[in-house]
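Q: upload39.cif is reproduced in full below (mmCIF, C-alpha atoms).
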```
data_start
loop_
_atom_site.label_atom_id
_atom_site.label_comp_id
_atom_site.auth_asym_id
_atom_site.auth_seq_id
_atom_site.Cartn_x
_atom_site.Cartn_y
_atom_site.Cartn_z
CA MET A 1 -62.54 -60.93 11.17
CA ALA A 2 -62.56 -57.33 12.41
CA GLN A 3 -59.22 -55.59 12.92
CA PRO A 4 -58.17 -54.39 16.37
CA ALA A 5 -58.93 -50.67 16.80
CA TRP A 6 -55.26 -49.85 17.20
CA GLN A 7 -54.30 -51.21 13.79
CA ASP A 8 -54.20 -49.00 10.72
CA PRO A 9 -56.87 -49.82 8.13
CA VAL A 10 -55.78 -52.10 5.32
CA PRO A 11 -56.93 -50.87 1.88
CA LEU A 12 -58.65 -53.27 -0.46
CA ALA A 13 -56.16 -54.92 -2.78
CA LEU A 14 -56.72 -53.76 -6.35
CA ASP A 15 -56.36 -57.29 -7.67
CA THR A 16 -59.56 -58.21 -5.82
CA ALA A 17 -61.61 -55.88 -8.02
CA PRO A 18 -63.57 -57.84 -10.69
CA VAL A 19 -62.44 -56.75 -14.16
CA PRO A 20 -65.06 -56.64 -16.95
CA GLU A 21 -64.80 -59.40 -19.56
CA TYR A 22 -63.64 -57.15 -22.37
CA GLY A 23 -63.04 -59.12 -25.55
CA SER A 24 -65.15 -62.15 -24.69
CA GLY A 25 -68.19 -61.31 -22.58
CA SER A 26 -68.82 -57.58 -22.21
CA LEU A 27 -71.45 -55.27 -23.67
CA ALA A 28 -68.83 -53.98 -26.10
CA ASP A 29 -68.61 -57.47 -27.61
CA LEU A 30 -72.30 -57.90 -28.37
CA LEU A 31 -72.90 -56.05 -31.63
CA PRO A 32 -69.56 -57.06 -33.17
CA THR A 33 -70.53 -60.69 -32.55
CA LEU A 34 -74.00 -60.25 -34.07
CA VAL A 35 -72.83 -58.48 -37.23
CA ALA A 36 -69.93 -60.91 -37.67
CA GLY A 37 -72.62 -63.57 -37.97
CA GLN A 38 -74.28 -61.41 -40.64
CA GLU A 39 -70.99 -61.32 -42.56
CA VAL A 40 -70.29 -57.62 -42.06
CA PRO A 41 -66.61 -57.12 -42.99
CA GLY A 42 -64.11 -56.31 -40.27
CA PHE A 43 -65.85 -58.01 -37.35
CA THR A 44 -65.25 -61.26 -35.51
CA ALA A 45 -67.50 -63.12 -33.10
CA ALA A 46 -66.14 -62.06 -29.72
CA ILE A 47 -68.81 -63.87 -27.66
CA PRO A 48 -68.27 -67.46 -28.79
CA GLU A 49 -71.47 -68.81 -27.19
CA LEU A 50 -73.79 -66.96 -29.60
CA THR A 51 -75.17 -68.59 -32.75
CA PRO A 52 -75.51 -66.37 -35.85
CA ALA A 53 -78.92 -65.19 -37.05
CA ASP A 54 -79.97 -63.33 -40.18
CA ARG A 55 -82.11 -60.92 -38.17
CA ASN A 56 -80.91 -59.60 -34.83
CA CYS A 57 -82.81 -57.44 -32.36
CA VAL A 58 -81.30 -55.96 -29.18
CA PHE A 59 -83.75 -54.74 -26.54
CA LEU A 60 -81.82 -52.75 -23.92
CA ILE A 61 -83.66 -52.11 -20.65
CA ASP A 62 -81.92 -49.30 -18.80
CA GLY A 63 -80.99 -50.26 -15.25
CA LEU A 64 -82.25 -53.86 -15.21
CA GLY A 65 -79.24 -55.89 -14.15
CA TRP A 66 -78.84 -59.64 -13.85
CA GLU A 67 -79.24 -59.67 -10.09
CA GLN A 68 -82.51 -57.72 -10.28
CA ILE A 69 -84.09 -60.23 -12.67
CA LYS A 70 -82.94 -63.16 -10.53
CA ALA A 71 -84.45 -61.58 -7.43
CA HIS A 72 -87.90 -60.85 -8.91
CA PRO A 73 -89.44 -63.97 -10.48
CA ASP A 74 -92.97 -62.88 -9.57
CA GLU A 75 -92.74 -59.39 -11.07
CA ALA A 76 -90.83 -60.51 -14.17
CA PRO A 77 -91.98 -64.07 -14.93
CA PHE A 78 -91.13 -63.90 -18.63
CA LEU A 79 -87.66 -62.42 -18.21
CA HIS A 80 -86.94 -64.74 -15.28
CA SER A 81 -87.94 -67.76 -17.40
CA LEU A 82 -85.31 -66.74 -19.95
CA LEU A 83 -82.38 -66.68 -17.51
CA PRO A 84 -81.16 -70.14 -18.66
CA THR A 85 -80.95 -68.82 -22.26
CA SER A 86 -78.56 -66.03 -21.33
CA ARG A 87 -75.28 -65.82 -23.19
CA GLY A 88 -76.02 -68.50 -25.72
CA GLY A 89 -77.72 -70.93 -23.35
CA THR A 90 -74.93 -70.98 -20.79
CA GLY A 91 -77.11 -69.22 -18.22
CA ARG A 92 -74.36 -66.66 -17.61
CA PRO A 93 -74.48 -62.85 -17.71
CA LEU A 94 -72.36 -60.33 -19.55
CA THR A 95 -70.36 -57.60 -17.84
CA ALA A 96 -71.26 -53.97 -18.48
CA GLY A 97 -67.78 -52.46 -18.40
CA PHE A 98 -66.40 -49.78 -16.11
CA PRO A 99 -67.93 -47.61 -14.97
CA SER A 100 -71.30 -49.35 -15.10
CA THR A 101 -73.23 -46.27 -16.16
CA THR A 102 -75.50 -45.37 -19.04
CA ALA A 103 -73.34 -43.09 -21.19
CA THR A 104 -70.36 -45.43 -20.96
CA SER A 105 -72.39 -48.57 -21.58
CA LEU A 106 -74.42 -47.23 -24.52
CA ALA A 107 -71.21 -46.08 -26.16
CA SER A 108 -69.74 -49.54 -25.63
CA VAL A 109 -72.83 -51.18 -27.14
CA GLY A 110 -73.00 -48.93 -30.17
CA THR A 111 -69.33 -48.67 -31.06
CA GLY A 112 -68.34 -52.20 -30.03
CA LEU A 113 -65.40 -50.69 -28.16
CA PRO A 114 -64.42 -50.59 -24.47
CA PRO A 115 -64.45 -47.22 -22.67
CA GLY A 116 -60.72 -46.68 -23.06
CA GLU A 117 -61.20 -46.57 -26.82
CA HIS A 118 -64.58 -44.93 -27.37
CA GLY A 119 -63.69 -42.29 -24.79
CA LEU A 120 -66.78 -41.99 -22.59
CA PRO A 121 -65.22 -43.37 -19.39
CA GLY A 122 -67.71 -42.02 -16.87
CA TYR A 123 -70.80 -39.98 -16.09
CA THR A 124 -68.73 -36.80 -15.83
CA VAL A 125 -65.07 -36.60 -16.80
CA ARG A 126 -62.54 -33.83 -17.28
CA ASP A 127 -62.03 -32.49 -20.79
CA PRO A 128 -58.23 -32.21 -21.03
CA GLY A 129 -58.63 -29.49 -23.65
CA THR A 130 -60.63 -27.11 -21.46
CA GLY A 131 -60.06 -28.40 -17.95
CA ALA A 132 -63.83 -28.46 -17.34
CA LEU A 133 -66.02 -31.38 -16.31
CA MET A 134 -67.95 -32.84 -19.23
CA ASN A 135 -71.29 -34.54 -18.53
CA GLN A 136 -71.35 -37.28 -21.15
CA LEU A 137 -75.00 -38.21 -20.62
CA ARG A 138 -76.39 -34.68 -20.95
CA TRP A 139 -73.47 -33.48 -23.13
CA LYS A 140 -72.77 -30.35 -21.08
CA PRO A 141 -70.87 -28.20 -21.74
CA TRP A 142 -71.27 -28.62 -25.49
CA THR A 143 -68.40 -30.50 -27.09
CA GLU A 144 -68.16 -31.43 -30.76
CA PRO A 145 -69.47 -35.03 -30.78
CA LYS A 146 -67.31 -36.40 -33.59
CA VAL A 147 -64.18 -34.99 -31.96
CA TRP A 148 -65.07 -36.43 -28.57
CA GLN A 149 -65.95 -39.87 -30.02
CA PRO A 150 -64.56 -40.26 -33.57
CA HIS A 151 -65.03 -44.01 -34.09
CA PRO A 152 -67.85 -45.22 -36.38
CA THR A 153 -70.70 -47.12 -34.79
CA VAL A 154 -71.41 -50.76 -35.53
CA PHE A 155 -74.80 -49.65 -36.86
CA GLN A 156 -73.13 -47.38 -39.43
CA LEU A 157 -70.77 -50.12 -40.60
CA ALA A 158 -73.54 -52.71 -40.76
CA ASP A 159 -75.79 -50.34 -42.70
CA ALA A 160 -72.99 -49.66 -45.18
CA ALA A 161 -72.60 -53.43 -45.64
CA GLY A 162 -76.26 -53.85 -46.63
CA VAL A 163 -77.81 -54.84 -43.29
CA ARG A 164 -81.19 -53.15 -42.70
CA THR A 165 -80.43 -51.20 -39.55
CA ALA A 166 -82.75 -49.26 -37.26
CA GLN A 167 -83.03 -47.79 -33.78
CA VAL A 168 -86.48 -47.59 -32.19
CA SER A 169 -86.60 -45.37 -29.13
CA ALA A 170 -88.28 -42.34 -27.57
CA PRO A 171 -88.42 -39.41 -30.03
CA MET A 172 -86.49 -37.13 -27.65
CA PHE A 173 -83.34 -39.22 -28.10
CA GLU A 174 -83.11 -38.84 -31.88
CA GLN A 175 -80.95 -35.71 -31.98
CA THR A 176 -78.95 -36.09 -28.78
CA PRO A 177 -75.16 -36.06 -29.10
CA LEU A 178 -74.96 -39.37 -27.23
CA THR A 179 -77.20 -40.99 -29.83
CA LYS A 180 -75.12 -39.46 -32.61
CA VAL A 181 -71.81 -40.80 -31.32
CA ALA A 182 -73.01 -44.14 -29.97
CA LEU A 183 -76.18 -45.38 -31.67
CA SER A 184 -76.53 -43.73 -35.08
CA GLY A 185 -76.66 -45.58 -38.39
CA GLY A 186 -79.58 -46.64 -40.56
CA SER A 187 -83.03 -45.36 -39.55
CA PHE A 188 -84.13 -43.79 -36.29
CA LEU A 189 -87.80 -44.39 -35.51
CA GLY A 190 -89.17 -42.43 -32.59
CA ARG A 191 -92.18 -43.91 -30.80
CA LEU A 192 -93.64 -42.67 -27.52
CA SER A 193 -95.15 -45.79 -25.99
CA GLY A 194 -93.30 -48.97 -25.12
CA GLU A 195 -95.89 -51.02 -26.99
CA GLU A 196 -95.34 -49.02 -30.16
CA ARG A 197 -91.59 -49.53 -29.89
CA MET A 198 -91.98 -53.29 -29.61
CA ASP A 199 -94.34 -53.44 -32.58
CA VAL A 200 -92.17 -51.22 -34.78
CA ALA A 201 -89.01 -53.11 -33.80
CA ALA A 202 -90.60 -56.36 -34.95
CA GLN A 203 -91.72 -54.75 -38.22
CA ARG A 204 -88.25 -53.36 -38.92
CA LEU A 205 -86.70 -56.70 -38.11
CA ALA A 206 -88.83 -58.31 -40.81
CA ALA A 207 -88.01 -55.59 -43.36
CA GLY A 208 -84.71 -57.08 -44.50
CA ASP A 209 -83.17 -60.45 -45.22
CA ARG A 210 -80.40 -59.28 -42.90
CA SER A 211 -81.48 -56.80 -40.26
CA LEU A 212 -80.18 -55.26 -37.05
CA VAL A 213 -82.66 -53.47 -34.80
CA TYR A 214 -82.03 -51.79 -31.46
CA THR A 215 -84.78 -50.69 -29.10
CA TYR A 216 -84.62 -49.14 -25.65
CA TYR A 217 -86.68 -48.50 -22.53
CA SER A 218 -85.51 -46.13 -19.78
CA GLU A 219 -88.04 -45.97 -16.97
CA VAL A 220 -86.90 -48.99 -14.95
CA ASP A 221 -83.73 -46.98 -14.35
CA GLY A 222 -85.67 -43.78 -13.73
CA LYS A 223 -87.88 -45.26 -11.03
CA GLY A 224 -84.90 -47.02 -9.48
CA HIS A 225 -82.96 -43.79 -9.13
CA ARG A 226 -85.88 -41.95 -7.61
CA PHE A 227 -87.45 -44.58 -5.37
CA GLY A 228 -84.98 -47.47 -5.20
CA THR A 229 -85.35 -51.05 -6.40
CA ASP A 230 -87.21 -51.98 -3.21
CA SER A 231 -90.19 -49.77 -4.13
CA ASP A 232 -93.62 -50.39 -5.58
CA ALA A 233 -92.89 -47.85 -8.31
CA TRP A 234 -89.82 -49.79 -9.45
CA ARG A 235 -91.59 -53.13 -9.26
CA GLY A 236 -94.44 -51.70 -11.33
CA GLN A 237 -91.99 -50.73 -14.06
CA LEU A 238 -90.43 -54.18 -13.94
CA MET A 239 -93.83 -55.78 -14.45
CA TYR A 240 -94.52 -53.44 -17.36
CA VAL A 241 -91.23 -54.07 -19.13
CA ASP A 242 -91.65 -57.81 -18.64
CA GLY A 243 -94.84 -57.51 -20.70
CA LEU A 244 -93.03 -55.47 -23.34
CA ALA A 245 -90.34 -58.11 -23.72
CA ARG A 246 -92.97 -60.82 -24.12
CA ARG A 247 -94.84 -58.70 -26.68
CA LEU A 248 -91.72 -58.30 -28.80
CA ALA A 249 -90.74 -61.96 -28.49
CA GLU A 250 -94.15 -63.09 -29.72
CA GLN A 251 -93.80 -61.01 -32.91
CA LEU A 252 -90.37 -62.15 -34.07
CA PRO A 253 -90.25 -62.86 -37.80
CA PRO A 254 -88.53 -66.04 -39.05
CA ARG A 255 -84.76 -66.41 -38.75
CA SER A 256 -84.57 -63.92 -35.90
CA ALA A 257 -82.74 -63.68 -32.60
CA LEU A 258 -83.89 -61.32 -29.85
CA TYR A 259 -81.35 -60.37 -27.19
CA ILE A 260 -82.60 -58.64 -24.04
CA THR A 261 -79.88 -56.87 -22.10
CA ALA A 262 -79.16 -53.83 -19.94
CA ASP A 263 -76.55 -51.13 -19.48
CA HIS A 264 -76.01 -51.76 -15.75
CA GLY A 265 -77.69 -53.00 -12.60
CA MET A 266 -78.55 -50.93 -9.54
CA ILE A 267 -78.07 -50.88 -5.77
CA ASP A 268 -80.07 -49.04 -3.12
CA ILE A 269 -78.01 -47.01 -0.64
CA PRO A 270 -79.44 -46.02 2.77
CA PHE A 271 -79.83 -42.34 3.58
CA ASP A 272 -77.44 -42.17 6.51
CA GLU A 273 -74.02 -40.62 7.10
CA ARG A 274 -72.21 -43.96 7.17
CA SER A 275 -73.53 -44.91 3.73
CA ARG A 276 -73.37 -41.48 2.10
CA ILE A 277 -70.05 -39.69 2.42
CA ASP A 278 -70.44 -36.03 1.42
CA PHE A 279 -67.36 -34.84 -0.45
CA ASP A 280 -68.52 -31.22 -0.24
CA GLU A 281 -68.46 -31.43 3.56
CA ASP A 282 -65.30 -33.51 3.97
CA TRP A 283 -62.12 -31.47 4.23
CA GLU A 284 -59.85 -34.51 4.04
CA LEU A 285 -61.25 -35.85 0.78
CA SER A 286 -61.49 -32.43 -0.86
CA ALA A 287 -57.95 -31.31 0.02
CA GLY A 288 -55.87 -30.97 -3.14
CA VAL A 289 -58.78 -31.87 -5.43
CA ALA A 290 -59.45 -29.56 -8.37
CA LEU A 291 -62.45 -31.45 -9.78
CA LEU A 292 -64.63 -34.31 -8.63
CA GLY A 293 -66.00 -36.32 -11.55
CA GLY A 294 -67.79 -39.60 -12.16
CA GLU A 295 -70.67 -40.47 -9.85
CA GLY A 296 -71.23 -41.70 -6.32
CA ARG A 297 -69.97 -45.26 -6.78
CA ALA A 298 -67.36 -44.61 -9.47
CA ARG A 299 -65.41 -41.42 -8.87
CA HIS A 300 -62.85 -39.72 -11.09
CA VAL A 301 -60.76 -37.43 -8.86
CA TYR A 302 -58.66 -34.73 -10.54
CA ALA A 303 -55.92 -33.30 -8.35
CA VAL A 304 -54.42 -29.84 -8.46
CA PRO A 305 -50.98 -29.96 -10.15
CA GLY A 306 -48.42 -31.60 -7.92
CA ALA A 307 -50.96 -33.02 -5.46
CA GLN A 308 -51.73 -36.33 -7.18
CA ALA A 309 -49.72 -38.52 -4.80
CA ASP A 310 -51.11 -36.81 -1.71
CA VAL A 311 -54.71 -37.10 -2.93
CA LEU A 312 -54.23 -40.79 -3.70
CA ALA A 313 -52.74 -41.40 -0.26
CA VAL A 314 -55.57 -39.62 1.56
CA TRP A 315 -58.37 -41.23 -0.45
CA ARG A 316 -56.81 -44.63 0.07
CA GLU A 317 -56.40 -44.02 3.81
CA VAL A 318 -59.92 -42.65 4.32
CA LEU A 319 -61.86 -44.88 1.90
CA GLY A 320 -59.63 -47.82 1.13
CA GLU A 321 -61.58 -50.35 3.19
CA GLN A 322 -64.83 -49.49 1.35
CA PHE A 323 -63.59 -48.55 -2.13
CA TRP A 324 -61.00 -49.86 -4.52
CA VAL A 325 -58.86 -46.72 -4.77
CA ALA A 326 -56.40 -46.63 -7.67
CA SER A 327 -54.19 -44.14 -9.40
CA ARG A 328 -54.93 -43.55 -13.06
CA GLU A 329 -51.96 -45.72 -13.99
CA GLU A 330 -53.09 -48.52 -11.68
CA ALA A 331 -56.68 -48.47 -12.99
CA VAL A 332 -55.41 -48.54 -16.57
CA ALA A 333 -52.95 -51.35 -15.85
CA ALA A 334 -55.68 -53.37 -14.12
CA GLY A 335 -57.79 -53.18 -17.28
CA TRP A 336 -60.75 -51.39 -15.72
CA PHE A 337 -61.36 -49.35 -18.88
CA GLY A 338 -60.31 -52.04 -21.35
CA PRO A 339 -57.05 -53.37 -22.77
CA VAL A 340 -56.32 -50.23 -24.82
CA ILE A 341 -56.50 -46.56 -23.81
CA ASP A 342 -56.56 -44.13 -26.71
CA GLU A 343 -54.24 -41.16 -26.23
CA ARG A 344 -57.14 -38.70 -26.35
CA VAL A 345 -58.88 -40.62 -23.53
CA HIS A 346 -55.98 -40.88 -21.08
CA GLY A 347 -56.46 -37.43 -19.55
CA ARG A 348 -60.20 -37.93 -19.14
CA ILE A 349 -59.55 -40.61 -16.52
CA GLY A 350 -59.10 -39.30 -12.98
CA ASP A 351 -55.72 -38.95 -11.32
CA VAL A 352 -57.44 -41.13 -8.72
CA VAL A 353 -60.24 -43.57 -9.51
CA ALA A 354 -62.44 -44.84 -6.67
CA ALA A 355 -64.84 -47.76 -7.23
CA ALA A 356 -67.19 -48.73 -4.42
CA HIS A 357 -66.92 -52.18 -2.85
CA ASP A 358 -69.32 -51.73 0.07
CA ASP A 359 -72.87 -50.35 0.14
CA VAL A 360 -71.69 -46.74 0.19
CA ILE A 361 -71.46 -43.73 -2.12
CA ILE A 362 -69.55 -40.46 -2.25
CA THR A 363 -72.10 -37.69 -2.69
CA ALA A 364 -71.56 -34.00 -3.41
CA SER A 365 -74.50 -32.24 -1.81
CA VAL A 366 -73.64 -28.76 -3.06
CA ASN A 367 -72.41 -29.46 -6.59
CA GLU A 368 -74.53 -32.56 -7.32
CA PRO A 369 -77.81 -32.09 -5.41
CA HIS A 370 -79.91 -34.15 -7.82
CA GLU A 371 -77.53 -37.10 -7.99
CA SER A 372 -76.90 -36.96 -4.23
CA ALA A 373 -80.62 -37.45 -3.56
CA MET A 374 -80.94 -40.65 -5.59
CA ALA A 375 -82.11 -43.76 -3.75
CA GLY A 376 -80.83 -46.27 -6.30
CA VAL A 377 -77.38 -45.86 -7.83
CA HIS A 378 -74.76 -47.71 -9.88
CA GLY A 379 -71.34 -47.33 -11.47
CA SER A 380 -68.93 -49.69 -9.73
CA LEU A 381 -67.52 -53.14 -10.36
CA THR A 382 -69.69 -55.14 -7.95
CA PRO A 383 -71.90 -57.91 -9.39
CA VAL A 384 -75.19 -56.14 -8.62
CA GLU A 385 -74.08 -53.20 -10.81
CA GLN A 386 -71.78 -54.88 -13.28
CA LEU A 387 -73.60 -58.03 -14.38
CA VAL A 388 -76.23 -57.66 -17.13
CA PRO A 389 -78.41 -60.27 -18.83
CA LEU A 390 -78.18 -61.46 -22.41
CA LEU A 391 -81.52 -63.25 -22.58
CA GLU A 392 -82.29 -64.87 -25.92
CA VAL A 393 -85.42 -65.74 -27.90
CA ARG A 394 -85.15 -67.24 -31.40
CA SER A 395 -87.66 -67.89 -34.12
#
```
Now that the file is in, can you turn its structure into structure tokens?

A:
Amino acid sequence: MAQPAWQDPVPLALDTAPVPEYGSGSLADLLPTLVAGQEVPGFTAAIPELTPADRNCVFLIDGLGWEQIKAHPDEAPFLHSLLPTSRGGTGRPLTAGFPSTTATSLASVGTGLPPGEHGLPGYTVRDPGTGALMNQLRWKPWTEPKVWQPHPTVFQLADAAGVRTAQVSAPMFEQTPLTKVALSGGSFLGRLSGEERMDVAAQRLAAGDRSLVYTYYSEVDGKGHRFGTDSDAWRGQLMYVDGLARRLAEQLPPRSALYITADHGMIDIPFDERSRIDFDEDWELSAGVALLGGEGRARHVYAVPGAQADVLAVWREVLGEQFWVASREEAVAAGWFGPVIDERVHGRIGDVVAAAHDDVIITASVNEPHESAMAGVHGSLTPVEQLVPLLEVRS
């Protein structure tokens, strides 16, 4: 029921924000569960619904969330047919983690740790050592990777334990810092076409008695950002990747499990002033703010010294009916970034954290022109962004 105009707005209660299923059903729990079943020391099966396999393959489709597969049975008949297999045959999704964005999610997949531990808690975050915004997807400005994310990857630990481990992806990703800190270990095999990646992934899966193979496809996300998920371009990519998944599934060697997942879903946001709030043109939201980090639906807000309480109060007053607006301490206590926050990570989280509830984003037209022009976006805690599949095929 709408409030009378004379009443002050009531901010969304923070306890209504869905918290990712860290420890039992998040992306960070996937690889630890798989390698625990391969008897790699130091790991336990965090996702209890999964059955161990000697050979495990993870196919991560960037940007293809649970809700998108459910909504497109005609464009993705193979993936849609696998929905009942998700999460060990329960027909349930995983949660990506917060924020639901590529750098954060890939780090969670590869390290087996939530964002509060691996330390990539957003698209852009403040480096407490320099005071500058660090783009963790593009790794700008340059920051020593092993200092920023010092934990070993699950791939490295599995490879050291004798599991044949490989990543099969586009060649351009081989030397990126994000790959180094999140997905390295074993062999990297760069292949240009999606078909080549599927074929090589199947070959590498068969190469060991125990094997762990990761392969990746990015263009569903790319077309979604540019054109939105309600576009022919996006639907064309969905049809293509559906064929890739089928191609890989049909080549599985014996004793294999294929898991098809994603790093986040996506939501289309209309291009109007009500749906796109421009921080760079809003004097209320920008007052007292030293740096604006994160992305449109998951903002890290860094206040000038002494202004933290005022910034929180204003953001909550202006946006609190559309966003869950929390202080750093509140977001940490709510478990948004996981149950543990490493000391080095604490200062990377905004003084204020704003996660979108409604179909709205906070753009920055001057400082983020490319991101502000995106049709499809993600990052928050809502089901369309947060829920990802864990579709399963076994041989």

Q: In Å to one decimal, how far is CA of Gly110 in chain A from CA of Phe43 in chain A?

A: 13.6 Å

Q: Run the PyMOL selection byres ((chain A and resi 201-215) around 9) mentally over the shown coordinates, then write out the matched residues as a PyMOL selection string, using the chain letters and numbers from the document.

A: chain A and resi 34-35+38+53-61+155+158-159+162-169+183+189+196-200+216-217+248-249+251-256

Q: Residues within 10 Å of Gly243 in chain A, please, as a PyMOL selection string. Count all atoms listed in the file; anything in the same chain fewer than 6 positions from it doesn't count.

A: chain A and resi 76-79+194-195+237+249

Q: Can you measure CA of Asn135 in chain A to CA of Tyr123 in chain A for me? One decimal in Å is fine.

A: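 CA of Tyr123 in chain A lies 6.0 Å from CA of Asn135 in chain A.
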
Q: Which residue is closest to Leu120 in chain A? Choose from A:Gln308, A:Ala245, A:Phe337, A:Leu64 and count all atoms listed in the file.

A: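 Checking each candidate against Leu120 in chain A, we get A:Phe337 as the closest.
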
Q: If you measure from CA of Pro152 in chain A to CA of Val181 in chain A, what distance in Å do you get, rounded to one decimal?

A: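 According to the coordinates, CA of Pro152 in chain A and CA of Val181 in chain A are separated by 7.8 Å.
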
Q: Neighbours of Ile47 in chain A within 7 Å (only C-alpha atoms; same-chain residues fewer than 6 positions away dropped), as a PyMOL selection string?

A: chain A and resi 24-25+29-30+33

Q: Taking all atoms listed in the file into account, name the residue in A:Pro150, A:Ala161, A:Gly122, A:Trp142 that is nearest to Gly42 in chain A.

A: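 Of A:Pro150, A:Ala161, A:Gly122, A:Trp142, the one nearest Gly42 in chain A, counting all atoms listed in the file, is A:Ala161.
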
Q: Can you list, as a list of chain:residue names, every protein, DNA or RNA residue that comes within 10 Å of Arg87 in chain A when you count all atoms listed in the file, leaving out same-chain residues fewer than 2 positions away?

A: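 Once the adjacent positions are removed, what remains is A:Gly25, A:Leu30, A:Ile47, A:Pro48, A:Glu49, A:Leu50, A:Thr51, A:Leu83, A:Pro84, A:Thr85, A:Gly89, A:Thr90, A:Gly91, A:Arg92, A:Pro93, A:Leu94, A:Tyr259, A:Pro389, A:Leu390, A:Leu391, A:Glu392.
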
Q: Written as a list in words, which residues does the PyMOL selection byres ((chain A and resi 273-282) around 10) give for the file shown?

A: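 On the file shown, the PyMOL selection byres ((chain A and resi 273-282) around 10) covers Ile269, Pro270, Phe271, Asp272, Trp283, Glu284, Leu285, Ser286, Ala287, Leu292, Gly296, Leu319, Asp358, Asp359, Val360, Ile361, Ile362, Thr363, Ala364, Ser365, Val366, Asn367, Glu368 and Ser372 of chain A.
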
Q: Could you expand the PyMOL selection byres ((chain A and resi 379) around 8) into the explicit residues it covers here, written as an mmCIF file with C-alpha atoms, keeping the file's coordinate frame?

A:
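Result file follows (out12.cif):
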```
data_model
loop_
_atom_site.group_PDB
_atom_site.id
_atom_site.type_symbol
_atom_site.label_atom_id
_atom_site.label_comp_id
_atom_site.auth_asym_id
_atom_site.auth_seq_id
_atom_site.Cartn_x
_atom_site.Cartn_y
_atom_site.Cartn_z
ATOM 1 C CA PHE A 98 -66.400 -49.780 -16.110
ATOM 2 C CA PRO A 99 -67.930 -47.610 -14.970
ATOM 3 C CA SER A 100 -71.300 -49.350 -15.100
ATOM 4 C CA THR A 101 -73.230 -46.270 -16.160
ATOM 5 C CA HIS A 264 -76.010 -51.760 -15.750
ATOM 6 C CA GLU A 295 -70.670 -40.470 -9.850
ATOM 7 C CA GLY A 296 -71.230 -41.700 -6.320
ATOM 8 C CA ARG A 297 -69.970 -45.260 -6.780
ATOM 9 C CA ALA A 298 -67.360 -44.610 -9.470
ATOM 10 C CA ALA A 355 -64.840 -47.760 -7.230
ATOM 11 C CA VAL A 377 -77.380 -45.860 -7.830
ATOM 12 C CA HIS A 378 -74.760 -47.710 -9.880
ATOM 13 C CA SER A 380 -68.930 -49.690 -9.730
ATOM 14 C CA LEU A 381 -67.520 -53.140 -10.360
ATOM 15 C CA GLU A 385 -74.080 -53.200 -10.810
ATOM 16 C CA GLN A 386 -71.780 -54.880 -13.280
#
```

Q: In the coordinate frame of the file, compute which residues have an atom within 12 Å of (-55.1, -49.3, -13.0) when using all atoms listed in the file, and state them as a PyMOL selection string.

A: chain A and resi 13-15+17+19+98+116+324-341+346+349-355

Q: For Gln149 in chain A, which residue among A:Arg226, A:His357, A:His118, A:His370 is the nearest when counting all atoms listed in the file?

A: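 That would be A:His118, the residue with the smallest distance to Gln149 in chain A.
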
Q: Just the residues within 6 Å of Asp221 in chain A, please, counting all atoms listed in the file, with nothing from its chain fewer than 3 positions along; format it as a PyMOL selection string.

A: chain A and resi 62-63+218+224

Q: When distances are computed from all atoms listed in the file, which of A:Arg235, A:Lys140, A:Lys180, A:Arg126 shows the smallest separation from Gln68 in chain A?

A: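 Comparing A:Arg235, A:Lys140, A:Lys180, A:Arg126 against Gln68 in chain A, the winner is A:Arg235.
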
Q: With all atoms listed in the file as the basis for distance, which of A:Val384, A:Ala132, A:Leu113, A:Ala45 is at the shortest distance from Pro18 in chain A?

A: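 Nearest candidate to Pro18 in chain A out of A:Val384, A:Ala132, A:Leu113, A:Ala45: A:Val384.
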
Q: Out of A:Lys223, A:Val301, A:Ser395, A:Ser108, which residue has the shortest atom-to-atom distance to Pro32 in chain A when counting only C-alpha atoms?

A: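 Smallest separation from Pro32 in chain A among the options: A:Ser108.
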
Q: Given the point (-82.8, -50.1, -5.5) in the file's coordinates, find the residues that have an atom at most 7 Å from it, counting all atoms listed in the file, and give them as a PyMOL selection string.

A: chain A and resi 224+228-230+266-268+375-376

Q: Complete range 187-193 of chain A at the level of N, CA and C atoms, written as a CSV table (one decimal), in the frame of the given file.

A:
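Heads up, here's the output in result-v2.csv:
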```
chain,number,residue,atom,x,y,z
A,187,SER,N,-81.8,-46.2,-39.8
A,187,SER,CA,-83.0,-45.4,-39.6
A,187,SER,C,-83.3,-45.2,-38.1
A,188,PHE,N,-83.7,-44.0,-37.7
A,188,PHE,CA,-84.1,-43.8,-36.3
A,188,PHE,C,-85.6,-43.6,-36.3
A,189,LEU,N,-86.3,-44.4,-35.5
A,189,LEU,CA,-87.8,-44.4,-35.5
A,189,LEU,C,-88.3,-44.1,-34.1
A,190,GLY,N,-88.7,-42.9,-33.9
A,190,GLY,CA,-89.2,-42.4,-32.6
A,190,GLY,C,-90.6,-42.8,-32.3
A,191,ARG,N,-90.8,-43.5,-31.2
A,191,ARG,CA,-92.2,-43.9,-30.8
A,191,ARG,C,-92.3,-43.6,-29.3
A,192,LEU,N,-93.4,-43.1,-28.9
A,192,LEU,CA,-93.6,-42.7,-27.5
A,192,LEU,C,-93.9,-43.8,-26.6
A,193,SER,N,-94.8,-44.7,-26.9
A,193,SER,CA,-95.2,-45.8,-26.0
A,193,SER,C,-94.2,-47.0,-26.2
```
